[in-house]
file model30.csv (CSV, C-alpha atoms)
chain,number,residue,atom,x,y,z
A,1,MET,CA,10.4,17.5,-1.3
A,2,SER,CA,7.4,18.4,0.8
A,3,ASN,CA,8.7,16.6,3.9
A,4,GLN,CA,11.1,13.8,4.8
A,5,ILE,CA,10.5,10.6,2.8
A,6,VAL,CA,10.5,7.4,4.8
A,7,LEU,CA,10.7,3.8,3.6
A,8,ASP,CA,8.6,1.7,5.9
A,9,ALA,CA,8.3,3.5,9.3
A,10,PRO,CA,5.2,3.0,11.5
A,11,ASN,CA,2.4,5.5,11.6
A,12,LEU,CA,1.6,6.2,15.3
A,13,GLY,CA,-0.4,9.0,17.0
A,14,ALA,CA,-2.9,10.0,19.7
A,15,LEU,CA,-5.0,6.9,19.5
A,16,GLU,CA,-2.1,4.7,20.1
A,17,LYS,CA,-1.1,6.8,23.1
A,18,GLU,CA,-4.6,6.5,24.5
A,19,TYR,CA,-4.7,2.8,24.2
A,20,LEU,CA,-1.3,2.3,25.8
A,21,ALA,CA,-2.3,4.6,28.7
A,22,LYS,CA,-5.4,2.4,29.2
A,23,ALA,CA,-3.2,-0.7,29.4
A,24,LEU,CA,-0.8,1.1,31.9
A,25,ASP,CA,-3.7,2.4,34.0
A,26,SER,CA,-5.2,-1.1,34.2
A,27,ASN,CA,-1.8,-2.5,35.5
A,28,PHE,CA,-2.1,-5.4,33.1
A,29,VAL,CA,1.1,-5.0,31.1
A,30,SER,CA,2.2,-8.6,30.6
A,31,THR,CA,0.4,-11.6,29.1
A,32,VAL,CA,-2.7,-11.2,31.3
A,33,GLY,CA,-5.2,-8.6,30.4
A,34,PRO,CA,-8.4,-7.8,28.4
A,35,PHE,CA,-6.8,-6.4,25.3
A,36,VAL,CA,-5.2,-9.7,24.1
A,37,PRO,CA,-8.5,-11.6,23.7
A,38,GLU,CA,-10.2,-8.5,22.3
A,39,PHE,CA,-7.5,-8.1,19.6
A,40,GLU,CA,-7.7,-11.8,18.8
A,41,THR,CA,-11.5,-11.7,18.4
A,42,LYS,CA,-11.5,-8.6,16.3
A,43,PHE,CA,-8.7,-9.9,14.1
A,44,ALA,CA,-10.5,-13.3,13.5
A,45,SER,CA,-13.7,-11.5,12.7
A,46,TYR,CA,-12.0,-9.1,10.2
A,47,LEU,CA,-10.5,-12.0,8.3
A,48,ASN,CA,-13.5,-14.3,8.7
A,49,ALA,CA,-11.1,-16.9,10.2
A,50,GLY,CA,-12.1,-19.8,12.5
A,51,GLY,CA,-9.9,-18.5,15.2
A,52,ALA,CA,-6.9,-16.2,15.9
A,53,VAL,CA,-4.1,-16.4,18.5
A,54,ALA,CA,-1.8,-13.4,19.3
A,55,VAL,CA,1.9,-14.3,19.6
A,56,GLN,CA,5.2,-12.6,20.0
A,57,SER,CA,6.2,-12.4,16.3
A,58,GLY,CA,5.5,-13.5,12.8
A,59,THR,CA,8.3,-16.0,13.2
A,60,ALA,CA,6.6,-17.4,16.3
A,61,ALA,CA,3.3,-17.6,14.3
A,62,ILE,CA,4.9,-19.8,11.6
A,63,HIS,CA,6.7,-21.9,14.2
A,64,MET,CA,3.4,-22.6,16.1
A,65,ALA,CA,1.6,-23.4,12.9
A,66,LEU,CA,4.2,-26.0,11.9
A,67,TYR,CA,4.2,-27.4,15.4
A,68,GLU,CA,0.4,-27.6,15.7
A,69,LEU,CA,0.2,-29.5,12.4
A,70,GLY,CA,2.7,-32.0,13.6
A,71,ILE,CA,5.4,-31.2,11.0
A,72,GLY,CA,8.8,-32.4,12.1
A,73,ALA,CA,11.8,-34.6,11.4
A,74,GLY,CA,11.6,-36.4,8.1
A,75,ASP,CA,9.0,-34.0,6.6
A,76,GLU,CA,9.6,-31.6,3.7
A,77,VAL,CA,8.0,-28.1,3.5
A,78,ILE,CA,7.9,-26.4,0.1
A,79,VAL,CA,8.8,-22.6,0.2
A,80,PRO,CA,9.7,-19.9,-2.3
A,81,ALA,CA,13.4,-19.1,-2.8
A,82,ILE,CA,12.7,-15.4,-2.4
A,83,THR,CA,11.3,-14.5,1.1
A,84,PHE,CA,12.5,-13.1,4.4
A,85,ILE,CA,14.5,-15.6,6.4
A,86,ALA,CA,11.8,-15.7,9.1
A,87,THR,CA,9.7,-17.8,6.7
A,88,VAL,CA,12.2,-20.6,6.7
A,89,ASN,CA,13.9,-20.6,10.1
A,90,PRO,CA,10.8,-22.1,11.8
A,91,ILE,CA,11.0,-25.1,9.5
A,92,MET,CA,14.4,-25.8,11.0
A,93,TYR,CA,13.1,-25.3,14.5
A,94,VAL,CA,10.7,-28.2,14.1
A,95,GLY,CA,13.4,-30.4,12.4
A,96,ALA,CA,11.8,-30.5,9.0
A,97,THR,CA,13.5,-29.8,5.6
A,98,PRO,CA,12.8,-26.8,3.5
A,99,VAL,CA,12.4,-27.5,-0.3
A,100,PHE,CA,12.9,-24.3,-2.3
A,101,VAL,CA,11.1,-23.5,-5.5
A,102,ASP,CA,11.4,-20.6,-8.0
A,103,ILE,CA,9.1,-17.7,-8.2
A,104,ASP,CA,6.8,-16.5,-11.0
A,105,GLY,CA,8.5,-13.7,-12.9
A,106,ASP,CA,5.6,-11.3,-12.8
A,107,THR,CA,4.0,-11.8,-9.3
A,108,TRP,CA,7.3,-12.6,-7.6
A,109,ASN,CA,5.4,-15.4,-5.6
A,110,MET,CA,6.0,-19.1,-5.7
A,111,ASP,CA,5.3,-20.7,-9.1
A,112,PRO,CA,2.6,-23.4,-8.7
A,113,ALA,CA,4.2,-25.4,-11.5
A,114,ALA,CA,7.4,-25.5,-9.6
A,115,VAL,CA,5.6,-26.5,-6.5
A,116,ARG,CA,4.0,-29.5,-8.2
A,117,LYS,CA,7.4,-30.7,-9.5
A,118,ALA,CA,9.0,-30.4,-6.0
A,119,ILE,CA,6.5,-32.8,-4.3
A,120,THR,CA,8.0,-36.0,-3.0
A,121,SER,CA,6.8,-38.8,-0.7
A,122,LYS,CA,8.2,-36.7,2.2
A,123,THR,CA,6.3,-33.5,1.4
A,124,LYS,CA,4.0,-32.5,4.3
A,125,ALA,CA,3.2,-28.9,3.6
A,126,ILE,CA,3.3,-26.0,1.2
A,127,LEU,CA,4.2,-22.6,2.7
A,128,PRO,CA,3.3,-19.9,0.2
A,129,VAL,CA,4.5,-16.3,0.9
A,130,HIS,CA,2.3,-13.4,-0.2
A,131,LEU,CA,5.5,-11.3,-1.0
A,132,TYR,CA,5.2,-7.6,-0.2
A,133,GLY,CA,1.5,-8.1,0.3
A,134,ASN,CA,0.7,-9.6,-3.1
A,135,PRO,CA,-1.5,-12.7,-3.0
A,136,CYS,CA,-0.2,-15.9,-4.4
A,137,ALA,CA,-2.0,-18.1,-6.9
A,138,MET,CA,-4.0,-19.7,-4.1
A,139,SER,CA,-6.5,-21.5,-6.3
A,140,GLU,CA,-3.7,-23.5,-7.9
A,141,ILE,CA,-1.8,-24.0,-4.7
A,142,MET,CA,-4.9,-25.3,-2.8
A,143,ASP,CA,-5.7,-27.6,-5.7
A,144,ILE,CA,-2.2,-29.1,-5.6
A,145,ALA,CA,-2.5,-29.5,-1.8
A,146,LYS,CA,-5.8,-31.2,-2.0
A,147,GLN,CA,-4.5,-33.6,-4.7
A,148,TYR,CA,-1.5,-34.7,-2.7
A,149,GLY,CA,-3.0,-34.4,0.8
A,150,LEU,CA,-0.7,-31.6,1.9
A,151,TYR,CA,-1.2,-28.9,4.6
A,152,VAL,CA,-1.0,-25.2,3.5
A,153,ILE,CA,0.4,-22.7,5.9
A,154,GLU,CA,0.2,-19.2,4.6
A,155,ASP,CA,2.9,-16.7,5.3
A,156,ALA,CA,0.7,-13.7,5.3
A,157,THR,CA,3.1,-11.6,7.5
A,158,GLU,CA,3.2,-8.8,4.9
A,159,SER,CA,-0.3,-9.1,3.5
A,160,LEU,CA,-2.9,-8.0,6.1
A,161,GLY,CA,-5.8,-6.6,4.1
A,162,ALA,CA,-4.9,-8.4,0.9
A,163,LEU,CA,-7.6,-10.4,-0.9
A,164,TYR,CA,-7.7,-13.2,-3.5
A,165,LYS,CA,-11.0,-13.7,-5.2
A,166,GLY,CA,-12.7,-11.9,-2.4
A,167,LYS,CA,-11.1,-14.0,0.4
A,168,ALA,CA,-8.5,-12.7,2.8
A,169,THR,CA,-5.0,-14.0,2.6
A,170,GLY,CA,-4.2,-16.1,5.6
A,171,THR,CA,-7.5,-17.9,5.5
A,172,PHE,CA,-7.1,-20.4,2.6
A,173,GLY,CA,-4.9,-23.0,4.2
A,174,GLU,CA,-5.1,-24.8,7.6
A,175,MET,CA,-3.1,-22.0,9.2
A,176,GLY,CA,-2.2,-18.4,8.4
A,177,CYS,CA,0.6,-16.3,9.9
A,178,PHE,CA,0.8,-12.5,10.3
A,179,SER,CA,3.4,-10.1,11.6
A,180,PHE,CA,3.0,-6.8,13.5
A,181,ASN,CA,6.7,-5.8,13.4
A,182,GLY,CA,7.3,-2.1,13.4
A,183,ASN,CA,7.3,-1.8,9.6
A,184,LYS,CA,4.2,-3.9,8.8
A,185,VAL,CA,0.7,-2.7,7.7
A,186,ILE,CA,-0.2,-2.4,11.4
A,187,THR,CA,2.2,-2.8,14.4
A,188,THR,CA,2.2,-3.9,18.0
A,189,GLY,CA,5.9,-3.0,18.2
A,190,GLY,CA,6.7,-6.7,17.7
A,191,GLY,CA,4.1,-9.4,17.7
A,192,GLY,CA,2.2,-11.6,15.3
A,193,MET,CA,-1.0,-13.6,14.9
A,194,VAL,CA,-1.8,-17.2,14.0
A,195,THR,CA,-5.1,-17.9,12.3
A,196,ALA,CA,-6.7,-21.3,11.9
A,197,ASP,CA,-9.6,-22.6,9.9
A,198,ASP,CA,-10.5,-24.9,12.7
A,199,PRO,CA,-11.4,-23.2,16.0
A,200,GLU,CA,-10.1,-26.2,18.0
A,201,ARG,CA,-6.7,-25.8,16.4
A,202,ALA,CA,-6.7,-22.1,17.4
A,203,SER,CA,-7.7,-23.0,20.9
A,204,HIS,CA,-4.8,-25.6,21.2
A,205,VAL,CA,-2.3,-23.0,19.9
A,206,LYS,CA,-3.5,-20.5,22.5
A,207,PHE,CA,-2.9,-23.2,25.1
A,208,LEU,CA,0.6,-24.0,23.8
A,209,VAL,CA,1.8,-20.4,23.6
A,210,ASN,CA,1.2,-19.8,27.3
A,211,GLN,CA,3.5,-22.6,28.4
A,212,ALA,CA,0.7,-25.1,27.9
A,213,ARG,CA,-0.6,-24.3,31.4
A,214,ASP,CA,-3.8,-26.0,32.5
A,215,ALA,CA,-5.9,-23.0,33.7
A,216,SER,CA,-8.5,-25.3,35.3
A,217,LYS,CA,-6.1,-26.1,38.1
A,218,ASP,CA,-5.3,-23.9,41.1
A,219,PHE,CA,-1.6,-24.8,40.8
A,220,TYR,CA,0.9,-24.8,38.0
A,221,ASN,CA,0.1,-27.9,35.8
A,222,HIS,CA,1.5,-28.3,32.3
A,223,PRO,CA,0.2,-31.4,30.5
A,224,GLU,CA,2.2,-30.7,27.3
A,225,VAL,CA,5.5,-29.0,26.4
A,226,GLY,CA,4.6,-25.4,25.8
A,227,PHE,CA,6.1,-22.2,24.6
A,228,ASN,CA,6.5,-18.7,25.9
A,229,ASN,CA,5.1,-17.0,22.8
A,230,ARG,CA,2.2,-15.0,24.2
A,231,MET,CA,1.5,-11.4,23.2
A,232,THR,CA,1.5,-8.9,26.0
A,233,ASN,CA,-1.5,-6.7,27.0
A,234,LEU,CA,0.6,-3.6,26.1
A,235,GLU,CA,1.3,-4.9,22.6
A,236,ALA,CA,-2.3,-5.9,22.1
A,237,ALA,CA,-3.4,-2.4,23.2
A,238,LEU,CA,-1.2,-0.9,20.5
A,239,GLY,CA,-2.5,-3.4,18.1
A,240,LEU,CA,-6.2,-2.5,18.8
A,241,ALA,CA,-5.4,1.2,18.2
A,242,GLN,CA,-3.6,0.4,14.9
A,243,PHE,CA,-6.4,-2.0,13.9
A,244,GLN,CA,-8.9,0.9,14.1
A,245,ARG,CA,-6.8,2.6,11.4
A,246,VAL,CA,-6.1,-0.4,9.2
A,247,MET,CA,-8.5,0.7,6.4
A,248,GLU,CA,-6.8,4.2,6.4
A,249,PHE,CA,-3.4,2.5,6.0
A,250,LEU,CA,-4.6,0.2,3.3
A,251,ARG,CA,-6.2,3.0,1.3
A,252,LYS,CA,-3.0,5.0,1.5
A,253,LYS,CA,-0.8,2.2,0.4
A,254,ARG,CA,-3.0,1.5,-2.5
A,255,GLN,CA,-3.0,5.2,-3.4
A,256,PHE,CA,0.8,5.1,-3.3
A,257,PHE,CA,1.0,2.0,-5.5
A,258,GLU,CA,-1.4,3.5,-8.1
A,259,GLU,CA,0.7,6.7,-8.2
A,260,TYR,CA,3.8,4.7,-8.8
A,261,ARG,CA,2.0,2.8,-11.5
A,262,ARG,CA,0.6,6.0,-13.1
A,263,ILE,CA,4.1,7.4,-13.4
A,264,LEU,CA,6.2,4.3,-14.0
A,265,ASP,CA,4.0,2.0,-16.1
A,266,GLY,CA,4.8,1.9,-19.7
A,267,ASN,CA,8.5,2.6,-19.2
A,268,GLU,CA,10.4,-0.3,-20.7
A,269,ALA,CA,13.3,0.2,-18.2
A,270,LEU,CA,11.3,-1.2,-15.2
A,271,SER,CA,8.2,-3.0,-14.1
A,272,LEU,CA,6.1,-3.1,-10.9
A,273,GLN,CA,5.1,-6.3,-9.1
A,274,LYS,CA,2.0,-7.6,-10.8
A,275,GLU,CA,-1.2,-8.7,-9.2
A,276,LEU,CA,-3.0,-11.8,-10.5
A,277,PRO,CA,-6.6,-11.5,-11.9
A,278,GLY,CA,-8.9,-11.5,-8.8
A,279,ALA,CA,-6.0,-10.5,-6.5
A,280,ARG,CA,-5.7,-7.2,-4.6
A,281,SER,CA,-2.5,-6.7,-2.8
A,282,SER,CA,-2.1,-4.9,0.5
A,283,VAL,CA,0.9,-3.3,-1.2
A,284,TRP,CA,2.9,-3.4,2.0
A,285,MET,CA,5.9,-2.4,-0.1
A,286,SER,CA,5.7,-0.9,-3.6
A,287,SER,CA,8.6,-2.4,-5.5
A,288,VAL,CA,10.1,-2.4,-8.9
A,289,ARG,CA,12.3,-4.6,-11.1
A,290,PHE,CA,14.6,-3.0,-13.6
A,291,ASN,CA,15.2,-4.3,-17.1
A,292,SER,CA,18.9,-5.1,-17.3
A,293,LYS,CA,18.9,-4.5,-21.1
A,294,LYS,CA,17.6,-0.9,-20.6
A,295,VAL,CA,19.2,0.1,-17.3
A,296,HIS,CA,23.0,0.0,-17.0
A,297,LEU,CA,23.2,1.1,-13.4
A,298,THR,CA,23.5,-1.5,-10.6
A,299,ILE,CA,21.0,-1.6,-7.8
A,300,PRO,CA,23.6,-0.2,-5.3
A,301,GLU,CA,24.3,2.7,-7.7
A,302,ILE,CA,20.6,3.5,-8.0
A,303,MET,CA,20.2,3.3,-4.3
A,304,THR,CA,23.1,5.7,-3.8
A,305,ARG,CA,21.6,8.3,-6.2
A,306,LEU,CA,18.2,8.0,-4.6
A,307,LYS,CA,19.8,8.6,-1.2
A,308,GLU,CA,21.5,11.7,-2.5
A,309,LYS,CA,18.1,13.0,-3.2
A,310,GLY,CA,16.8,12.1,0.3
A,311,ILE,CA,15.0,9.0,-0.8
A,312,PRO,CA,15.5,5.8,1.1
A,313,SER,CA,15.2,2.4,-0.6
A,314,ARG,CA,16.0,-1.2,0.1
A,315,ARG,CA,17.0,-4.2,-2.0
A,316,ILE,CA,14.7,-7.1,-2.6
A,317,PHE,CA,15.3,-10.1,-0.3
A,318,GLN,CA,18.3,-12.2,-1.3
A,319,PRO,CA,17.4,-15.8,-2.2
A,320,ILE,CA,17.5,-17.8,1.0
A,321,LEU,CA,19.8,-20.3,-0.7
A,322,GLU,CA,22.6,-17.8,-0.4
A,323,SER,CA,22.4,-17.8,3.4
A,324,ARG,CA,25.0,-20.2,4.9
A,325,PRO,CA,22.5,-22.5,6.7
A,326,TYR,CA,20.5,-23.1,3.6
A,327,GLN,CA,23.1,-23.4,0.8
A,328,LYS,CA,23.1,-27.2,1.1
A,329,TYR,CA,19.4,-27.2,0.0
A,330,LYS,CA,20.0,-25.6,-3.4
A,331,CYS,CA,18.9,-27.9,-6.1
A,332,GLY,CA,18.5,-25.9,-9.3
A,333,ASP,CA,19.1,-22.5,-10.8
A,334,TYR,CA,16.1,-20.5,-9.6
A,335,PRO,CA,16.5,-18.0,-12.4
A,336,ASN,CA,13.5,-15.7,-11.6
A,337,SER,CA,14.5,-15.5,-7.9
A,338,TYR,CA,18.1,-14.5,-8.7
A,339,GLU,CA,17.1,-12.0,-11.4
A,340,LEU,CA,14.6,-10.3,-9.0
A,341,PHE,CA,17.3,-10.0,-6.3
A,342,GLU,CA,19.8,-8.6,-8.9
A,343,TYR,CA,17.4,-6.0,-10.3
A,344,GLY,CA,14.7,-5.4,-7.7
A,345,LEU,CA,14.2,-2.5,-5.4
A,346,ASN,CA,11.7,-1.6,-2.6
A,347,LEU,CA,10.5,2.0,-2.8
A,348,PRO,CA,9.2,4.3,0.0
A,349,SER,CA,5.8,2.9,1.2
A,350,SER,CA,5.3,4.1,4.7
A,351,THR,CA,1.9,5.7,5.3
A,352,LEU,CA,3.8,8.6,6.9
A,353,ASN,CA,4.6,9.7,3.4
A,354,SER,CA,2.5,12.1,1.3
A,355,ILE,CA,1.4,11.5,-2.3
A,356,GLU,CA,3.8,14.3,-3.2
A,357,ASN,CA,6.6,12.2,-1.7
A,358,ILE,CA,5.6,9.2,-3.8
A,359,ARG,CA,5.4,11.4,-6.9
A,360,ASP,CA,8.8,12.9,-6.3
A,361,THR,CA,10.3,9.4,-5.7
A,362,ALA,CA,8.9,8.0,-9.0
A,363,ASN,CA,10.0,11.0,-11.0
A,364,SER,CA,13.5,11.0,-9.4
A,365,LEU,CA,13.8,7.3,-10.2
A,366,LEU,CA,13.0,8.0,-13.9
A,367,GLU,CA,15.5,10.8,-13.9
A,368,ILE,CA,18.2,8.6,-12.4
A,369,ILE,CA,17.8,5.7,-14.9
A,370,GLY,CA,17.6,8.1,-17.8

call {"tool": "encode", "arguments": {"input": "model30.csv", "output": "structure tokens"}}
result
Amino acid sequence: MSNQIVLDAPNLGALEKEYLAKALDSNFVSTVGPFVPEFETKFASYLNAGGAVAVQSGTAAIHMALYELGIGAGDEVIVPAITFIATVNPIMYVGATPVFVDIDGDTWNMDPAAVRKAITSKTKAILPVHLYGNPCAMSEIMDIAKQYGLYVIEDATESLGALYKGKATGTFGEMGCFSFNGNKVITTGGGGMVTADDPERASHVKFLVNQARDASKDFYNHPEVGFNNRMTNLEAALGLAQFQRVMEFLRKKRQFFEEYRRILDGNEALSLQKELPGARSSVWMSSVRFNSKKVHLTIPEIMTRLKEKGIPSRRIFQPILESRPYQKYKCGDYPNSYELFEYGLNLPSSTLNSIENIRDTANSLLEIIG
């Protein structure tokens, strides 16, 4: 191997150090400082969104979106069975009920037909997840939402830079939610962003995340119940540096995906996550699903053999319905979701890797499965 292969580690360098030093030199390290509004403005402009609000995490972004849209007790929110737990926990925070639907077998995203069947008189919102950066079937989802008068909150935490029919993920619904965790396309260490189609909604979220403080007063006045979800100036400084490199990161992730596809496509033993016509994934994680009729090794066995070659990997998310707090919401078999968990695997995708690392990983994988 040309150098150590990494799964999803961040790519940090001199530019990030420069921006962090600026934040330290300014003495604005907390939630007050110029880098936060600058990051928000540049992010909204990049996406062509109505507004953007920097928050403490992708989880906080989803929580604030649900809260801003008035979703709460007695409401149902439709979500895919396969996603990270952070998609679903905020639904519980606001007292609403998650309704799980199966995924499409090719894109690994929520199946619009399953969404339509899951709608009841209590349904208030659809929460599509662009899994591993791959855009959902947003045309169909938005048509369903319009027909039934539902909100759409996009979990775009993994899909910064992804496009569907030329439009950025996170800008189709009323609200979009992004994550800047250490392993995402860009990072602020932690952190996230809420986008809104309506600038007034974004303005209200910005008010709420800073303890709903009325800044027009010369004393502490809080006309609403607020939250301590504001991003710090230090985090925003890191985000601005990373944001300057976002196209570099996206190009590299696409290059990695295309190399995996070049080597692995056409092999009946496995398949890569598929993009819809008109969709372009950010390819946050390049991932494969094995054909159980062609591969007789289990995922743990494949992972062990890859590790022996110095190649890290990670299992696909377990269906949320297997987590104890959500087992009571299971209402069906979700065959595609369970099959993906049983036979799916995330491959090295960090932009710290070289194309040789990716080539070695793909060839090693073929060697392992025979």

call {"tool": "atom_distance", "arguments": {"input": "model30.csv", "atom1": "atom CA of Glu76 of chain A", "atom2": "atom CA of Thr120 of chain A"}}
result
8.2 Å

call {"tool": "closest_residue", "arguments": {"input": "model30.csv", "among": "A:Ile91, A:Ile368, A:Leu131, A:Ala86", "to": "Ile103 of chain A", "atoms": "only C-alpha atoms"}}
result
A:Leu131

call {"tool": "residues_around", "arguments": {"input": "model30.csv", "residues": "His204 of chain A", "least_positions_apart": "4", "cutoff": "8 Å", "atoms": "only C-alpha atoms", "output": "ChimeraX atom specification"}}
result
/A:68,200,208

call {"tool": "atom_distance", "arguments": {"input": "model30.csv", "atom1": "atom CA of Leu47 of chain A", "atom2": "atom CA of Phe249 of chain A"}}
result
16.3 Å

call {"tool": "residues_around", "arguments": {"input": "model30.csv", "residues": "segment 25-38 of chain A", "least_positions_apart": "5", "cutoff": "12 Å", "atoms": "only C-alpha atoms", "output": "PyMOL selection string"}}
result
chain A and resi 18-20+43-45+51-56+188+191-193+203+206+209-211+228-241+243

call {"tool": "residues_around", "arguments": {"input": "model30.csv", "residues": "Gln4 of chain A", "least_positions_apart": "6", "cutoff": "10 Å", "atoms": "all atoms listed in the file", "output": "PyMOL selection string"}}
result
chain A and resi 310-312+352-354+357

call {"tool": "closest_residue", "arguments": {"input": "model30.csv", "among": "A:Ser323, A:Ser281, A:Thr107, A:Gln318", "to": "Ala137 of chain A", "atoms": "only C-alpha atoms"}}
result
A:Thr107

call {"tool": "atom_distance", "arguments": {"input": "model30.csv", "atom1": "atom CA of Ala113 of chain A", "atom2": "atom CA of Pro98 of chain A"}}
result
17.3 Å

call {"tool": "closest_residue", "arguments": {"input": "model30.csv", "among": "A:Glu275, A:Asp75, A:Asp197, A:Glu158", "to": "Asn183 of chain A", "atoms": "only C-alpha atoms"}}
result
A:Glu158

call {"tool": "closest_residue", "arguments": {"input": "model30.csv", "among": "A:Leu276, A:Leu365, A:Leu150, A:Leu270", "to": "Arg305 of chain A", "atoms": "only C-alpha atoms"}}
result
A:Leu365

call {"tool": "decode", "arguments": {"input": "model30.csv", "residues": "segment 12-74 of chain A", "atoms": "C-alpha atoms", "output": "PDB file, in the first residue's frame"}}
result
ATOM      1  CA  LEU A  12      -7.113  19.262   7.720  1.00  0.00           C
ATOM      2  CA  GLY A  13      -4.090  21.409   6.940  1.00  0.00           C
ATOM      3  CA  ALA A  14      -2.450  24.835   6.910  1.00  0.00           C
ATOM      4  CA  LEU A  15      -5.582  26.749   5.878  1.00  0.00           C
ATOM      5  CA  GLU A  16      -7.537  25.405   8.834  1.00  0.00           C
ATOM      6  CA  LYS A  17      -4.729  26.384  11.213  1.00  0.00           C
ATOM      7  CA  GLU A  18      -4.706  29.870   9.717  1.00  0.00           C
ATOM      8  CA  TYR A  19      -8.422  30.386  10.242  1.00  0.00           C
ATOM      9  CA  LEU A  20      -8.379  28.996  13.774  1.00  0.00           C
ATOM     10  CA  ALA A  21      -5.484  31.313  14.630  1.00  0.00           C
ATOM     11  CA  LYS A  22      -7.537  34.264  13.342  1.00  0.00           C
ATOM     12  CA  ALA A  23     -10.416  33.269  15.610  1.00  0.00           C
ATOM     13  CA  LEU A  24      -8.088  32.954  18.605  1.00  0.00           C
ATOM     14  CA  ASP A  25      -6.363  36.252  17.849  1.00  0.00           C
ATOM     15  CA  SER A  26      -9.744  37.994  17.668  1.00  0.00           C
ATOM     16  CA  ASN A  27     -10.609  36.678  21.142  1.00  0.00           C
ATOM     17  CA  PHE A  28     -14.043  35.672  19.788  1.00  0.00           C
ATOM     18  CA  VAL A  29     -14.099  31.963  20.512  1.00  0.00           C
ATOM     19  CA  SER A  30     -17.671  31.409  21.692  1.00  0.00           C
ATOM     20  CA  THR A  31     -21.020  32.090  20.031  1.00  0.00           C
ATOM     21  CA  VAL A  32     -20.204  35.748  19.304  1.00  0.00           C
ATOM     22  CA  GLY A  33     -17.884  36.564  16.426  1.00  0.00           C
ATOM     23  CA  PRO A  34     -17.745  37.404  12.729  1.00  0.00           C
ATOM     24  CA  PHE A  35     -17.062  33.936  11.375  1.00  0.00           C
ATOM     25  CA  VAL A  36     -20.506  32.510  12.238  1.00  0.00           C
ATOM     26  CA  PRO A  37     -22.576  34.911  10.094  1.00  0.00           C
ATOM     27  CA  GLU A  38     -19.976  34.742   7.317  1.00  0.00           C
ATOM     28  CA  PHE A  39     -20.203  30.942   7.271  1.00  0.00           C
ATOM     29  CA  GLU A  40     -24.005  31.086   7.226  1.00  0.00           C
ATOM     30  CA  THR A  41     -24.076  33.568   4.347  1.00  0.00           C
ATOM     31  CA  LYS A  42     -21.589  31.652   2.215  1.00  0.00           C
ATOM     32  CA  PHE A  43     -23.355  28.355   2.892  1.00  0.00           C
ATOM     33  CA  ALA A  44     -26.783  29.712   1.920  1.00  0.00           C
ATOM     34  CA  SER A  45     -25.315  31.246  -1.234  1.00  0.00           C
ATOM     35  CA  TYR A  46     -23.587  27.995  -2.230  1.00  0.00           C
ATOM     36  CA  LEU A  47     -26.866  26.080  -1.953  1.00  0.00           C
ATOM     37  CA  ASN A  48     -29.057  28.906  -3.267  1.00  0.00           C
ATOM     38  CA  ALA A  49     -31.118  28.544  -0.076  1.00  0.00           C
ATOM     39  CA  GLY A  50     -33.413  31.166   1.442  1.00  0.00           C
ATOM     40  CA  GLY A  51     -31.340  31.237   4.605  1.00  0.00           C
ATOM     41  CA  ALA A  52     -28.937  29.189   6.722  1.00  0.00           C
ATOM     42  CA  VAL A  53     -28.351  28.966  10.475  1.00  0.00           C
ATOM     43  CA  ALA A  54     -25.222  27.421  11.999  1.00  0.00           C
ATOM     44  CA  VAL A  55     -25.928  25.071  14.912  1.00  0.00           C
ATOM     45  CA  GLN A  56     -24.106  22.643  17.190  1.00  0.00           C
ATOM     46  CA  SER A  57     -24.755  19.422  15.248  1.00  0.00           C
ATOM     47  CA  GLY A  58     -26.729  17.757  12.504  1.00  0.00           C
ATOM     48  CA  THR A  59     -28.974  16.372  15.243  1.00  0.00           C
ATOM     49  CA  ALA A  60     -29.651  19.907  16.478  1.00  0.00           C
ATOM     50  CA  ALA A  61     -30.405  20.951  12.900  1.00  0.00           C
ATOM     51  CA  ILE A  62     -33.122  18.291  12.546  1.00  0.00           C
ATOM     52  CA  HIS A  63     -34.490  19.112  16.007  1.00  0.00           C
ATOM     53  CA  MET A  64     -34.749  22.813  15.195  1.00  0.00           C
ATOM     54  CA  ALA A  65     -36.385  22.133  11.827  1.00  0.00           C
ATOM     55  CA  LEU A  66     -39.065  19.968  13.434  1.00  0.00           C
ATOM     56  CA  TYR A  67     -39.601  22.508  16.199  1.00  0.00           C
ATOM     57  CA  GLU A  68     -39.805  25.469  13.809  1.00  0.00           C
ATOM     58  CA  LEU A  69     -42.466  23.727  11.732  1.00  0.00           C
ATOM     59  CA  GLY A  70     -44.575  23.080  14.825  1.00  0.00           C
ATOM     60  CA  ILE A  71     -44.327  19.305  14.724  1.00  0.00           C
ATOM     61  CA  GLY A  72     -45.096  17.714  18.077  1.00  0.00           C
ATOM     62  CA  ALA A  73     -47.341  15.404  20.065  1.00  0.00           C
ATOM     63  CA  GLY A  74     -49.919  13.605  17.959  1.00  0.00           C
TER      64      GLY A  74
END
